[in-house]
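Below: one structure, written as structure tokens.
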Amino acid sequence: MLEFDLSPANDTRSGFGAGLHELGQKNPKVVALCADLIGSLKMDAFKKDFPERFFQVGIAEANMMGVAAGMTIGGYIPFTGTFANFSTGRVYDQIRQSIAYSDKNVKICASHAGLTLGEDGATHQILEDIGMMSMLPGMTVINPCDYNQTKAATLAIADHHGPVYLRFGRPKVTNFTAVDQNFEIGKAWHIHEGNDLTIIATGHLVWEAVEAARELEAEGISVDLINIHTIKPLDEEAIVRSAMKTGKVITCEEHMINGGLGSLVAQVLAKQAPSLMEFIGVNDSFGESGTPDQLMEKYGLKSKNIIAAAKRLMEE
Amino acid sequence: MVSNQELSRIASQVRRDIVRMVHAVNSGHPGGSLGCTDFMVSLYFRQMTINPTSWNMNGEGEDLFFLSNGHISPVFYSVLARSGYFDVAELATFRKINTRLQGHPTTHDSLPGVRIASGSLGQGMSAAAGAAQAKKLNNDPKLVFTLHGDGELQEGQIWEAAMYCAHHKIDNIISTVDVNGQQIDGPTEVVMSLGNLRAKFEAFGWKVLETNGHDLEQLNATIEEAKSLTGNGYPIMILMTTSMGKGVDFMEGTHKWHGVAPNDEQLANALGQLEETLGDY
């Protein structure tokens with residue numbers, strides 16, 4: 001249990017780039033827009049092979065969101081690419097009015113989310129994006145955990161009608177989910193069955209949660225481990241079923257605790273299965289410069305933090 | 001072709017609709033609506049190829065219109081209804097609970113004729129640019145029109161979009177700015193000067209035309225000239241001088257009627273100046 005067929009470690013943004021390129025071949029309605037970050041977003045291959053469907057927007061993200069919304073009128077499926085910070089906070093009103101409220105079929109693809117962006121520091125390390133995007137009516141919010149899952153999610157959102165926020169990151173991370181998996185939007189991945197404690201993780205924190213679960217299992221604590229890749233719509237059934245069984249729940253995310261996965265899970269559980277909870281995430285703070293690993297360590301987002309939280313819950 | 005005389009008759013009815021709609025709910029934006037009436041009537045009743053009775057969002061084979069300054073929804077709704085997108089009786093629901101005619105236009109309630117929400121200013125040119133590029137991808141030769149307020153040009157996104165249109169040679173777009181020189185807090189020159197708009201748009205790579213927005217002859221000739229200039233590798237801008245509140249003497253030429261509804265007495269006065277030509281809703 002908790003063993004995986006590992007693919008070579010890779011960055012989730014490359015999973016997006018690979019998925020987008022495959023979509024270019026499969027779906028003639030897919031178009032891509034980028035705000036001067038083609039290399040960072042791994043959109044080079046799509047641009048090279050489908051130049052007539054690739055649109056450079058320059059450093060003008062607000063315009064990019066509007067242009068993307070307009071391209072849906074005519075039947076296209078635009079994928080926008082820039083950093084998560086410039087995909088959300090900088091353009092919140094454009095997304096709100098021209099995309100979400102207007103129900104436009106735009107896929108907002110956001111790289112370099114969270115602390116693992118690293119040395120660029122807090123100006124670029126957005127930790128509020130899941131909250132902002134989840135609050136928009138009709139928006140689907142997805143935060144995949146590795147290269148394979150990001151690629152699968154990229155392919156899946158092209159077939160889903162409606163606005164989507166797809167969040168991924170910069171560093172190479174363990175690539176442990178299945179190659180060519182079927183990605184079902186809104187359906188949690190039950191990674192491991194257990195009875196004592198529930199760990200719910202999203203994005204880069206899923207692998208940390210796997211490592212934590214291995215250690216907890218070795219110590220005799222039975223862990224129910226769930227990957228929530230789709231934060232909205234949230235798989236409430238999977239969460240409630242697990243919480244009813246364990247009564248103890250830890251949420252793990254590379255995001256602000258306030259307004260992120262933790263808040264959303266707590267909201268579900270408060271109503272349907274009140275549980276003891278711990279929250280792994282950033283606690284009302286901006287990030288800073290440092291290596292991804294140093295930052296995850298300093299802000300308490302490592303497997304050891306999950307283990308410590310699990311032990312606190314088990315002592316309750 | 002619809003004659004200038006007929007356009008004028010339709011415009012009179014649209015102006016009646018505007019003041020009646022705004023009066024009925026004691027809210028809304030009559031000033032800019034009245035000022036853009038002649039332009040909107042010219043677009044929908046003469047200049048654009050539209051298909052109001054079999055409405056679909058993509059509008060392939062049709063000219064598209066994007067209202068960027070969404071607060072002048074009364075003129076938009078009246079012109080859409082009067083040109084057949086929906087029943088004119090629905091104008092009576094403007095801004096009322098459960099209406100499709102929201103304070104600012106939205107696609108949320110599937111109102112035929114509206115292709116994107118607007119109201120938060122500065123976003124319409126971007127959407128129109130995307131729609132124009134989609135038309136090119138679809139080998140659809142029809143055009144995309146936009147309307148903006150002059151005060152709206154203070155939004156930075158407009159200039160992002162203006163740069164984008166020129167860079168990508170989007171030459172199937174015709175944008176129009178309603179140059180009435182007014183915004184909520186007063187004259188644009190006092191609030192935030194716009195400077196030389198012709199020079200600004202030309203510097204951004206646009207072909208710029210200028211027209212009076214109430215002289216139907218000149219206005220339509222300018223739109224036709226703009227259409228004849230499409231397909232040449234540059235976007236086209238019409239700077240249209242209008243008088244805010246046009247057609248109702250006490251509303252004309254002032255920012256005071258930007259977002260204020262007339263009372264019963266003022267409504268009667270206004271309607272006395274506007275001939276009922278097509279029948280009130």
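Convention: chains lettered A, B, ... in structure tokens order; per-chain residue numbering from 1; ligands numbered from 1 as shown.
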Exercise for the section: Name the residues in contact with Gly70 in chain B at a cut-off of 6 Å, using only C-alpha atoms, excluding same-chain residues fewer than 2 positions from it; report them as a VMD selection string. Expected result: chain B and resid 67 to 68 72 to 73 104 118 to 119
Since we have the selection now, will you write its residues out, keeping C-alpha atoms, as a PDB file, in the first residue's frame?
ATOM      1  CA  LEU B  67     -21.454  47.561 -25.580  1.00  0.00           C
ATOM      2  CA  SER B  68     -18.482  48.331 -23.369  1.00  0.00           C
ATOM      3  CA  ILE B  72     -26.304  52.821 -21.162  1.00  0.00           C
ATOM      4  CA  SER B  73     -28.318  49.611 -21.125  1.00  0.00           C
ATOM      5  CA  HIS B 104     -26.206  46.405 -16.707  1.00  0.00           C
ATOM      6  CA  SER B 118     -20.560  44.815 -19.249  1.00  0.00           C
ATOM      7  CA  GLY B 119     -20.812  47.489 -16.619  1.00  0.00           C
TER       8      GLY B 119
END
Handout entry: Residue set, range 32-117 of chain B restricted to strand (DSSP E or B), as a PyMOL selection string
Key = chain B and resi 64-67
Practice task
Check range 23-233 of chain B with DSSP on the backbone and list each residue it calls helix (DSSP H, G or I), as a VMD selection string.
Solution key: chain B and resid 23 to 25 30 to 35 37 to 47 52 to 54 70 to 82 88 to 93 124 to 137 151 to 154 156 to 167 188 to 191 197 to 203 216 to 228
Handout entry: Which of A:Gly138, A:Pro233, A:Gly121, A:Pro163 sits closest to Ala68 in chain A [using only C-alpha atoms]
Key =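 Among A:Gly138, A:Pro233, A:Gly121, A:Pro163, it is A:Pro163 that comes nearest to Ala68 in chain A.
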Practice task
When you get a sec, could you note down which chain B residues fall within 10 Å of chain A, using only C-alpha atoms, as a ChimeraX atom specification?
Solution key: /B:56-60,64,66,105-110,114-138,140,156-164,167-168
Problem - Exercise: Glu224 in chain B partners within 12 Å, only C-alpha atoms, chain neighbours under 3 positions left out, as a PyMOL selection string - result: chain B and resi 42-43+46-48+174+209+211+216-221+227-230+236+238
For the selection just defined, write its residues with N, CA and C atoms to a file, as a short mmCIF file (atom, residue, chain, number, x, y, z; two decimals), in the first residue's frame.
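Dumped to out_14.cif:
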data_model
loop_
_atom_site.label_atom_id
_atom_site.label_comp_id
_atom_site.auth_asym_id
_atom_site.auth_seq_id
_atom_site.Cartn_x
_atom_site.Cartn_y
_atom_site.Cartn_z
N SER B 42 -28.75 53.61 -35.94
CA SER B 42 -28.10 53.48 -37.25
C SER B 42 -27.44 52.11 -37.40
N LEU B 43 -26.76 51.67 -36.34
CA LEU B 43 -26.10 50.37 -36.40
C LEU B 43 -27.10 49.25 -36.62
N ARG B 46 -29.59 49.90 -39.89
CA ARG B 46 -29.06 50.08 -41.23
C ARG B 46 -27.70 49.40 -41.44
N GLN B 47 -26.79 49.60 -40.52
CA GLN B 47 -25.39 49.27 -40.81
C GLN B 47 -24.99 47.81 -40.57
N MET B 48 -25.56 47.19 -39.57
CA MET B 48 -25.10 45.82 -39.25
C MET B 48 -25.98 44.77 -39.92
N ILE B 174 -14.53 47.69 -35.72
CA ILE B 174 -14.80 49.13 -35.79
C ILE B 174 -15.27 49.57 -34.41
N LEU B 209 -11.46 57.97 -37.55
CA LEU B 209 -12.44 58.81 -38.25
C LEU B 209 -13.19 59.63 -37.20
N THR B 211 -16.85 61.96 -36.41
CA THR B 211 -18.19 62.29 -36.89
C THR B 211 -19.02 62.95 -35.81
N LEU B 216 -27.61 62.20 -38.86
CA LEU B 216 -27.71 60.83 -39.39
C LEU B 216 -26.99 60.66 -40.72
N GLU B 217 -27.03 61.69 -41.52
CA GLU B 217 -26.35 61.65 -42.81
C GLU B 217 -24.84 61.45 -42.62
N GLN B 218 -24.26 62.34 -41.82
CA GLN B 218 -22.82 62.29 -41.60
C GLN B 218 -22.42 61.03 -40.82
N LEU B 219 -23.19 60.71 -39.81
CA LEU B 219 -22.91 59.54 -38.96
C LEU B 219 -22.88 58.26 -39.80
N ASN B 220 -23.90 58.08 -40.63
CA ASN B 220 -23.96 56.86 -41.43
C ASN B 220 -22.89 56.83 -42.52
N ALA B 221 -22.60 58.00 -43.06
CA ALA B 221 -21.53 58.06 -44.06
C ALA B 221 -20.20 57.66 -43.40
N LYS B 227 -16.46 50.94 -42.62
CA LYS B 227 -16.64 49.58 -43.16
C LYS B 227 -15.78 49.39 -44.42
N SER B 228 -15.71 50.45 -45.22
CA SER B 228 -14.94 50.33 -46.47
C SER B 228 -13.44 50.23 -46.19
N LEU B 229 -13.03 50.66 -45.01
CA LEU B 229 -11.60 50.63 -44.66
C LEU B 229 -11.19 49.34 -43.96
N THR B 230 -12.13 48.46 -43.67
CA THR B 230 -11.77 47.21 -42.99
C THR B 230 -10.96 46.33 -43.95
N ILE B 236 -10.10 50.14 -36.72
CA ILE B 236 -10.69 51.43 -37.06
C ILE B 236 -11.46 52.01 -35.88
N ILE B 238 -13.90 55.23 -34.56
CA ILE B 238 -14.73 56.40 -34.87
C ILE B 238 -14.87 57.23 -33.59
#
Can you tell me which residues surround range 293-298 of chain A at a distance of at most 9 Å, considering only C-alpha atoms, apart from same-chain residues fewer than 5 positions away, and format the answer as a CSV table (one decimal) with N, CA and C atoms, in the first residue's frame?
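Printed below is result.csv as written:
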chain,number,residue,atom,x,y,z
A,115,LEU,N,4.1,28.9,-2.6
A,115,LEU,CA,5.5,29.2,-2.2
A,115,LEU,C,6.5,28.6,-3.0
A,116,THR,N,6.2,27.5,-3.7
A,116,THR,CA,7.3,26.7,-4.4
A,116,THR,C,7.7,27.5,-5.7
A,118,GLY,N,9.4,30.0,-5.2
A,118,GLY,CA,10.7,30.2,-4.7
A,118,GLY,C,11.2,31.6,-4.6
A,254,GLU,N,-1.0,24.1,-0.4
A,254,GLU,CA,0.1,25.1,-0.6
A,254,GLU,C,-0.7,26.4,-0.9
A,287,GLY,N,4.4,35.1,1.6
A,287,GLY,CA,5.7,34.3,1.5
A,287,GLY,C,6.9,35.2,1.5
A,288,GLU,N,8.0,34.7,1.0
A,288,GLU,CA,9.2,35.4,0.9
A,288,GLU,C,10.2,34.7,0.0
A,305,ASN,N,5.1,18.1,9.3
A,305,ASN,CA,4.1,19.0,9.9
A,305,ASN,C,2.7,18.2,9.9
Handout entry: Residue among B:Thr254, B:Asn232, B:Ser27, B:Asn196 lying closest to Ile184 in chain B, counting only C-alpha atoms
Key =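 Answer, going by the shortest atom-to-atom distance: B:Thr254.
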Problem - Selected residue of minimal separation from Ile95 in chain A among A:Pro8, A:Gly114, A:Gly300, A:Pro137, counting only C-alpha atoms - result: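 Answer, going by the shortest atom-to-atom distance: A:Pro137.
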